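Colleague: Just one file: query05.cif, with mmCIF, C-alpha atoms and all ligand atoms.
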data_protein
#
loop_
_atom_site.label_atom_id
_atom_site.label_comp_id
_atom_site.auth_asym_id
_atom_site.auth_seq_id
_atom_site.Cartn_x
_atom_site.Cartn_y
_atom_site.Cartn_z
CA MET A 13 48.34 32.19 214.87
CA SER A 14 46.22 35.06 213.50
CA ALA A 15 46.38 35.61 209.73
CA VAL A 16 47.72 39.16 210.07
CA LEU A 17 50.51 38.09 212.44
CA ALA A 18 51.34 35.07 210.23
CA VAL A 19 51.66 37.17 207.09
CA GLY A 20 53.67 39.88 208.88
CA LEU A 21 56.08 37.44 210.51
CA ALA A 22 56.58 35.43 207.30
CA ALA A 23 57.12 38.57 205.22
CA GLY A 24 59.68 39.86 207.75
CA LEU A 25 61.64 36.59 207.76
CA ALA A 26 61.52 36.32 203.95
CA LEU A 27 62.71 39.91 203.49
CA LEU A 28 65.59 39.21 205.88
CA GLY A 29 66.45 36.17 203.72
CA GLY A 30 66.43 38.43 200.69
CA ARG A 31 68.68 40.98 202.36
CA LEU A 32 71.16 38.23 203.26
CA ARG A 33 71.05 37.12 199.58
CA TRP A 34 69.68 33.69 200.56
CA LEU A 35 66.68 34.36 198.29
CA THR A 36 66.08 36.06 194.94
CA PRO A 37 63.26 38.69 194.87
CA GLY A 38 60.91 35.99 193.54
CA GLY A 39 62.19 33.66 196.25
CA VAL A 40 61.27 36.25 198.89
CA VAL A 41 57.65 36.31 197.65
CA ALA A 42 57.44 32.49 197.55
CA ALA A 43 59.04 32.13 201.01
CA ALA A 44 56.63 34.71 202.46
CA ALA A 45 53.67 32.75 201.03
CA VAL A 46 54.92 29.37 202.33
CA GLY A 47 55.78 30.92 205.70
CA ALA A 48 52.40 32.64 206.05
CA ALA A 49 50.58 29.35 205.35
CA VAL A 50 52.69 27.40 207.86
CA PHE A 51 52.55 30.08 210.59
CA TRP A 52 48.77 30.51 210.17
CA GLY A 53 47.97 26.78 210.14
CA ALA A 54 50.62 25.38 212.47
CA GLY A 55 51.36 28.28 214.84
CA LEU A 56 54.61 28.66 216.73
CA ARG A 57 55.52 24.96 216.55
CA GLY A 58 55.24 25.04 212.76
CA ALA A 59 57.10 28.34 212.61
CA LEU A 60 59.96 26.81 214.60
CA LEU A 61 60.19 23.79 212.27
CA LEU A 62 60.17 25.96 209.16
CA ALA A 63 62.56 28.59 210.56
CA VAL A 64 65.17 25.96 211.52
CA PHE A 65 64.91 24.40 208.04
CA PHE A 66 65.17 27.80 206.34
CA VAL A 67 68.08 29.13 208.41
CA SER A 68 70.10 25.87 208.56
CA GLY A 69 69.64 25.16 204.86
CA SER A 70 70.54 28.72 203.88
CA LEU A 71 73.65 28.76 206.10
CA LEU A 72 74.85 25.41 204.71
CA THR A 73 74.21 26.62 201.16
CA ALA A 74 75.85 29.99 201.72
CA ALA A 75 78.91 28.24 203.19
CA ARG A 76 79.50 26.78 199.73
CA GLU A 77 78.83 30.17 198.07
CA ARG A 78 75.92 28.96 196.02
CA ALA A 79 73.33 31.11 194.27
CA PRO A 80 70.31 32.46 196.21
CA ARG A 81 67.15 30.35 196.00
CA THR A 82 64.52 31.16 193.40
CA ALA A 83 60.72 31.08 193.80
CA ARG A 84 60.60 27.71 192.00
CA GLN A 85 63.19 26.22 194.37
CA VAL A 86 61.36 27.58 197.44
CA LEU A 87 58.02 26.16 196.26
CA ALA A 88 59.60 22.79 195.36
CA ASN A 89 60.74 22.46 198.98
CA GLY A 90 57.85 24.25 200.70
CA ALA A 91 54.58 23.69 198.79
CA CYS A 92 53.79 20.32 200.36
CA ALA A 93 54.47 21.65 203.87
CA ALA A 94 52.29 24.70 203.20
CA ALA A 95 49.44 22.48 201.95
CA GLY A 96 49.70 20.36 205.11
CA ALA A 97 49.63 23.47 207.32
CA LEU A 98 46.54 24.84 205.57
CA LEU A 99 44.70 21.55 206.30
CA ILE A 100 45.47 21.58 210.06
CA PRO A 101 42.21 23.40 210.95
CA VAL A 102 40.14 20.59 209.33
CA ALA A 103 42.24 17.43 209.98
CA ALA A 104 44.86 18.25 212.61
CA ALA A 105 46.56 14.87 213.22
CA SER A 106 47.01 13.86 209.56
CA ALA A 107 47.84 17.39 208.38
CA TRP A 108 50.55 17.71 211.05
CA LEU A 109 52.15 14.49 209.74
CA VAL A 110 52.10 15.88 206.18
CA LEU A 111 53.69 19.15 207.38
CA ALA A 112 56.36 17.50 209.55
CA GLY A 113 57.15 14.73 207.05
CA ALA A 114 57.55 17.24 204.22
CA ILE A 115 59.82 19.57 206.23
CA ALA A 116 61.87 16.62 207.53
CA ALA A 117 62.37 15.41 203.92
CA ALA A 118 63.34 18.86 202.66
CA GLN A 119 65.75 19.33 205.56
CA ALA A 120 67.27 15.83 205.18
CA ASP A 121 67.76 16.36 201.45
CA THR A 122 69.30 19.83 201.86
CA TRP A 123 71.64 18.70 204.65
CA ALA A 124 72.61 15.57 202.66
CA THR A 125 73.48 17.64 199.58
CA GLU A 126 75.40 20.37 201.38
CA ILE A 127 77.22 18.17 203.93
CA GLY A 128 77.86 15.44 201.33
CA ALA A 129 79.74 18.01 199.23
CA TYR A 130 82.56 17.79 201.78
CA ALA A 131 82.98 14.01 201.33
CA ARG A 132 86.50 12.96 200.32
CA ARG A 133 85.42 10.02 198.15
CA PRO A 134 83.31 10.61 195.02
CA PRO A 135 79.59 9.81 195.36
CA ARG A 136 78.08 6.58 194.04
CA LEU A 137 74.87 6.50 192.05
CA VAL A 138 72.14 5.16 194.36
CA THR A 139 70.75 2.83 191.66
CA THR A 140 73.89 1.26 190.13
CA TRP A 141 76.54 2.03 192.79
CA VAL A 142 78.85 3.36 190.04
CA SER A 143 81.15 6.26 191.07
CA VAL A 144 79.93 9.60 189.66
CA PRO A 145 81.34 13.18 189.80
CA PRO A 146 80.41 15.25 192.92
CA GLY A 147 77.10 17.06 192.42
CA THR A 148 75.57 14.39 190.17
CA SER A 149 71.87 13.94 190.91
CA GLY A 150 71.21 10.58 192.53
CA GLY A 151 74.80 10.35 193.79
CA VAL A 152 75.11 9.46 197.47
CA THR A 153 77.96 9.54 199.99
CA LEU A 154 78.18 8.12 203.51
CA LEU A 155 78.88 11.60 204.92
CA GLY A 156 75.90 13.09 203.08
CA SER A 157 73.55 10.29 204.13
CA VAL A 158 74.55 10.59 207.80
CA GLY A 159 74.19 14.38 207.55
CA GLY A 160 70.77 14.02 205.95
CA ALA A 161 69.58 11.62 208.65
CA GLY A 162 70.87 14.19 211.16
CA GLY A 163 68.74 16.85 209.48
CA ALA A 164 65.64 14.64 209.75
CA ALA A 165 66.50 13.93 213.40
CA VAL A 166 66.73 17.67 214.15
CA THR A 167 63.27 18.27 212.63
CA ALA A 168 61.88 15.35 214.66
CA ALA A 169 63.58 16.56 217.87
CA ILE A 170 62.12 20.08 217.48
CA LEU A 171 58.67 18.56 216.98
CA LEU A 172 59.06 16.52 220.19
CA LEU A 173 60.50 19.41 222.24
CA ALA A 174 57.68 21.68 221.04
CA GLY A 175 55.10 19.28 222.45
CA GLY A 176 54.54 16.86 219.57
CA GLN A 177 53.54 13.28 220.33
CA ARG A 178 56.22 10.60 220.31
CA ASP A 179 54.74 8.51 217.47
CA ALA A 180 54.37 11.63 215.30
CA THR A 181 58.02 12.42 216.01
CA VAL A 182 59.16 8.97 214.87
CA ALA A 183 56.89 9.25 211.81
CA ALA A 184 58.46 12.61 210.88
CA PHE A 185 61.97 11.15 211.17
CA ALA A 186 61.00 8.18 208.97
CA GLY A 187 59.46 10.59 206.47
CA GLY A 188 62.69 12.57 206.35
CA VAL A 189 64.89 9.54 205.70
CA VAL A 190 62.54 8.00 203.10
CA GLY A 191 62.14 11.41 201.43
CA MET A 192 65.92 11.76 201.17
CA LEU A 193 66.15 8.28 199.61
CA ALA A 194 63.30 9.08 197.21
CA ASP A 195 65.17 12.23 196.16
CA SER A 196 68.27 10.18 195.29
CA VAL A 197 66.33 7.47 193.41
CA ALA A 198 64.22 10.00 191.46
CA GLY A 199 67.36 12.05 190.78
CA ALA A 200 69.11 8.98 189.37
CA THR A 201 66.20 7.68 187.29
CA LEU A 202 63.57 10.33 186.46
CA GLN A 203 65.55 13.57 186.36
CA ALA A 204 66.47 14.75 182.86
CA THR A 205 70.17 14.55 181.94
CA TYR A 206 71.78 16.21 178.94
CA ARG A 207 75.03 16.22 176.99
CA CYS A 208 76.43 19.29 175.23
CA PRO A 209 77.18 18.37 171.58
CA ALA A 210 79.84 21.10 171.35
CA CYS A 211 82.06 20.31 174.35
CA GLY A 212 80.71 16.90 175.39
CA ALA A 213 79.96 18.01 178.98
CA ARG A 214 77.29 16.10 180.91
CA LEU A 215 74.64 18.58 182.09
CA GLU A 216 71.49 18.73 184.24
CA ARG A 217 70.03 21.61 182.20
CA SER A 218 69.30 21.90 178.50
CA SER A 219 72.13 24.31 177.62
CA ASP A 220 75.55 25.50 178.82
CA SER A 221 77.84 28.40 177.93
CA CYS A 222 78.57 26.85 174.50
CA GLY A 223 75.21 28.26 173.35
CA VAL A 224 73.97 25.19 171.50
CA ALA A 225 70.97 23.04 172.47
CA ALA A 226 72.07 20.05 174.55
CA ILE A 227 70.90 16.52 173.74
CA ARG A 228 68.79 14.76 176.37
CA THR A 229 70.50 11.51 177.35
CA GLY A 230 68.11 10.24 180.04
CA GLY A 231 65.17 10.96 182.34
CA VAL A 232 61.97 12.89 181.64
CA ALA A 233 62.32 16.20 179.75
CA TRP A 234 60.34 18.45 182.15
CA LEU A 235 61.55 16.71 185.30
CA ASP A 236 64.37 18.82 186.77
CA ASN A 237 65.94 19.03 190.22
CA ASP A 238 63.07 21.17 191.54
CA VAL A 239 60.48 18.54 190.57
CA VAL A 240 62.68 15.89 192.21
CA ASN A 241 62.66 17.95 195.42
CA LEU A 242 58.86 18.19 195.25
CA ILE A 243 58.68 14.39 194.82
CA ALA A 244 60.94 13.99 197.87
CA THR A 245 58.70 16.15 200.09
CA LEU A 246 55.59 14.26 198.88
CA ALA A 247 57.35 10.96 199.69
CA GLY A 248 58.28 12.33 203.13
CA ALA A 249 54.71 13.42 203.85
CA GLY A 250 53.25 10.13 202.57
CA THR A 251 55.69 8.07 204.63
CA ALA A 252 54.94 10.05 207.81
CA LEU A 253 51.19 9.55 207.20
CA ALA A 254 51.58 5.80 206.58
CA TRP A 255 54.06 5.28 209.45
CA ARG A 256 51.69 6.36 212.18
ZN ZN A 301 79.30 22.82 176.06
#
As structure tokens, how would this structure be written, given the file I've shared?
Modeller:
Amino acid sequence: MSAVLAVGLAAGLALLGGRLRWLTPGGVVAAAAVGAAVFWGAGLRGALLLAVFFVSGSLLTAARERAPRTARQVLANGACAAAGALLIPVAAASAWLVLAGAIAAAQADTWATEIGAYARRPPRLVTTWVSVPPGTSGGVTLLGSVGGAGGAAVTAAILLLAGGQRDATVAAFAGGVVGMLADSVAGATLQATYRCPACGARLERSSDSCGVAAIRTGGVAWLDNDVVNLIATLAGAGTALAWR
């Protein structure tokens, strides 16, 4: 796709996302940049993969009335895919696997989180299998895992229907499932967790409405949910590359 058309199309889609309150103003800019890279490098097939991820993820998120996505959240999910797309002109086969594996992982993770929120039983931590409150990072449910695998399957199916090769399709699906698993494991082990000294609440950020600094109880200080999502897309891309 020509650069001018790629930028125009991506900007239009991102602005629509902003109007629908799926994205913050910063999120619009980040989504336009990711979209332009994918549309330019990967053409209509890439645009279809990204658009389905963007629309399905936003609809699932909006159904639970969650906040619009910020630039940091958009880049955490989209930077690896954009990098893959930009490399397509120099190394098409490998770069396509990076792009598809990263999008499949982001889609699997988003679908797992949003669909898993409707599970009746509380999630279990992927590492210790202990029951944890809904929304805990690293917590998995059967419903969420099946939903996430469905998300990876949809990415893979679009790739196949849009003329992708069969082994690349299977590689993308594997990347999505492994990326989703990597997200849970990294969320349970590496992601920073905090406790508020005032009210005792367990937190995933370093402060709550009590207004006092929370105490870190686990994980790596700078490693938040966005970094975990980036790790998941890298794992998805790496798995797709290695699978083929
Ligand atoms: Zn508190």
Colleague: Residues contacting ligand ZN 301 (chain A) - anything with an atom at most 9 Å away, using all atoms listed in the file - can you give me those as a PDB file with C-alpha atoms, in the coordinates of the input?
Modeller:
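The resulting file, pocket-v4.pdb, is reproduced below:
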ATOM      1  CA  ARG A 207      75.030  16.220 176.990  1.00  0.00           C
ATOM      2  CA  CYS A 208      76.430  19.290 175.230  1.00  0.00           C
ATOM      3  CA  PRO A 209      77.180  18.370 171.580  1.00  0.00           C
ATOM      4  CA  ALA A 210      79.840  21.100 171.350  1.00  0.00           C
ATOM      5  CA  CYS A 211      82.060  20.310 174.350  1.00  0.00           C
ATOM      6  CA  GLY A 212      80.710  16.900 175.390  1.00  0.00           C
ATOM      7  CA  ALA A 213      79.960  18.010 178.980  1.00  0.00           C
ATOM      8  CA  ARG A 214      77.290  16.100 180.910  1.00  0.00           C
ATOM      9  CA  LEU A 215      74.640  18.580 182.090  1.00  0.00           C
ATOM     10  CA  SER A 219      72.130  24.310 177.620  1.00  0.00           C
ATOM     11  CA  ASP A 220      75.550  25.500 178.820  1.00  0.00           C
ATOM     12  CA  SER A 221      77.840  28.400 177.930  1.00  0.00           C
ATOM     13  CA  CYS A 222      78.570  26.850 174.500  1.00  0.00           C
ATOM     14  CA  GLY A 223      75.210  28.260 173.350  1.00  0.00           C
ATOM     15  CA  VAL A 224      73.970  25.190 171.500  1.00  0.00           C
ATOM     16  CA  ALA A 226      72.070  20.050 174.550  1.00  0.00           C
TER      17      ALA A 226
END
Colleague: Which polymer residues have any atom within 6 Å of an atom of Ala204 of chain A, counting only C-alpha atoms, with same-chain residues fewer than 5 positions away left out, as a count of residues only?
Modeller: 5
Colleague: Any idea what the distance is between atom CA of Arg57 of chain A and atom CA of Ala174 of chain A?
Modeller: 6.0 Å
Colleague: Mind checking which residues fall within 12 Å of segment 253-256 of chain A, counting all atoms listed in the file, ignoring those fewer than 6 positions away in the same chain, and posting them as a ChimeraX atom specification?
Modeller: /A:96,105-114,177-188,190,246-247
Colleague: Figure out the distance between atom CA of Arg217 of chain A and atom CA of Thr205 of chain A, please, to one decimal in Å.
Modeller: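 So the answer is 7.1 Å.
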Colleague: Name all residues at most 12 Å from Thr153 of chain A (count only C-alpha atoms; drop same-chain ones fewer than 2 positions away) and give them as a ChimeraX atom specification.
Modeller: /A:124-138,141-151,155-160,193,196
Colleague: Deliver the residues from the most recent selection as a file, using C-alpha atoms, as an mmCIF file, keeping the file's coordinate frame.
Modeller:
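Wrote it out as selection.cif, contents follow:
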data_model
loop_
_atom_site.group_PDB
_atom_site.id
_atom_site.type_symbol
_atom_site.label_atom_id
_atom_site.label_comp_id
_atom_site.auth_asym_id
_atom_site.auth_seq_id
_atom_site.Cartn_x
_atom_site.Cartn_y
_atom_site.Cartn_z
ATOM 1 C CA ALA A 124 72.610 15.570 202.660
ATOM 2 C CA THR A 125 73.480 17.640 199.580
ATOM 3 C CA GLU A 126 75.400 20.370 201.380
ATOM 4 C CA ILE A 127 77.220 18.170 203.930
ATOM 5 C CA GLY A 128 77.860 15.440 201.330
ATOM 6 C CA ALA A 129 79.740 18.010 199.230
ATOM 7 C CA TYR A 130 82.560 17.790 201.780
ATOM 8 C CA ALA A 131 82.980 14.010 201.330
ATOM 9 C CA ARG A 132 86.500 12.960 200.320
ATOM 10 C CA ARG A 133 85.420 10.020 198.150
ATOM 11 C CA PRO A 134 83.310 10.610 195.020
ATOM 12 C CA PRO A 135 79.590 9.810 195.360
ATOM 13 C CA ARG A 136 78.080 6.580 194.040
ATOM 14 C CA LEU A 137 74.870 6.500 192.050
ATOM 15 C CA VAL A 138 72.140 5.160 194.360
ATOM 16 C CA TRP A 141 76.540 2.030 192.790
ATOM 17 C CA VAL A 142 78.850 3.360 190.040
ATOM 18 C CA SER A 143 81.150 6.260 191.070
ATOM 19 C CA VAL A 144 79.930 9.600 189.660
ATOM 20 C CA PRO A 145 81.340 13.180 189.800
ATOM 21 C CA PRO A 146 80.410 15.250 192.920
ATOM 22 C CA GLY A 147 77.100 17.060 192.420
ATOM 23 C CA THR A 148 75.570 14.390 190.170
ATOM 24 C CA SER A 149 71.870 13.940 190.910
ATOM 25 C CA GLY A 150 71.210 10.580 192.530
ATOM 26 C CA GLY A 151 74.800 10.350 193.790
ATOM 27 C CA LEU A 155 78.880 11.600 204.920
ATOM 28 C CA GLY A 156 75.900 13.090 203.080
ATOM 29 C CA SER A 157 73.550 10.290 204.130
ATOM 30 C CA VAL A 158 74.550 10.590 207.800
ATOM 31 C CA GLY A 159 74.190 14.380 207.550
ATOM 32 C CA GLY A 160 70.770 14.020 205.950
ATOM 33 C CA LEU A 193 66.150 8.280 199.610
ATOM 34 C CA SER A 196 68.270 10.180 195.290
#
Colleague: Kindly provide, as a JSON list (two decimals) with C-alpha atoms, in the coordinates of the input, the polymer residues lying within 6 Å of (65.6, 12.4, 208.7), counting only C-alpha atoms and using the coordinates exactly as they appear in the file.
Modeller:
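For reference, part-v5.json as written:
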[["chain", "number", "residue", "atom", "x", "y", "z"],
["A", 116, "ALA", "CA", 61.87, 16.62, 207.53],
["A", 120, "ALA", "CA", 67.27, 15.83, 205.18],
["A", 161, "ALA", "CA", 69.58, 11.62, 208.65],
["A", 163, "GLY", "CA", 68.74, 16.85, 209.48],
["A", 164, "ALA", "CA", 65.64, 14.64, 209.75],
["A", 165, "ALA", "CA", 66.50, 13.93, 213.40],
["A", 185, "PHE", "CA", 61.97, 11.15, 211.17],
["A", 188, "GLY", "CA", 62.69, 12.57, 206.35],
["A", 189, "VAL", "CA", 64.89, 9.54, 205.70]]
Colleague: Enter the distance from atom CA of Ala63 of chain A to atom CA of Gly39 of chain A, in Å, rounded to one decimal.
Modeller: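 Atom-to-atom, atom CA of Ala63 of chain A and atom CA of Gly39 of chain A are spaced 15.2 Å apart.
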Colleague: Compare A:Leu62, A:Ala26, A:Ala94, A:Ala83 by their minimum atom-to-atom distance to Ala49 of chain A, counting all atoms listed in the file, and give me the closest one.
Modeller: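 The answer is A:Ala94, which sits nearest to Ala49 of chain A.
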Colleague: Which residue is closest to Gln85 of chain A? Choose from A:Thr36, A:Gln119, A:Ser218, A:Thr139 and count all atoms listed in the file.
Modeller: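 The answer is A:Thr36, which sits nearest to Gln85 of chain A.
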Colleague: Take every atom of segment 134-139 of chain A listed in the file, pad by 8 Å on each side, and give me the axis-aligned box centre and edge lengths in Å, one decimal, as lines of an AutoDock Vina configuration file.
Modeller:
center_x = 77.0
center_y = 6.7
center_z = 193.5
size_x = 28.6
size_y = 23.8
size_z = 19.7
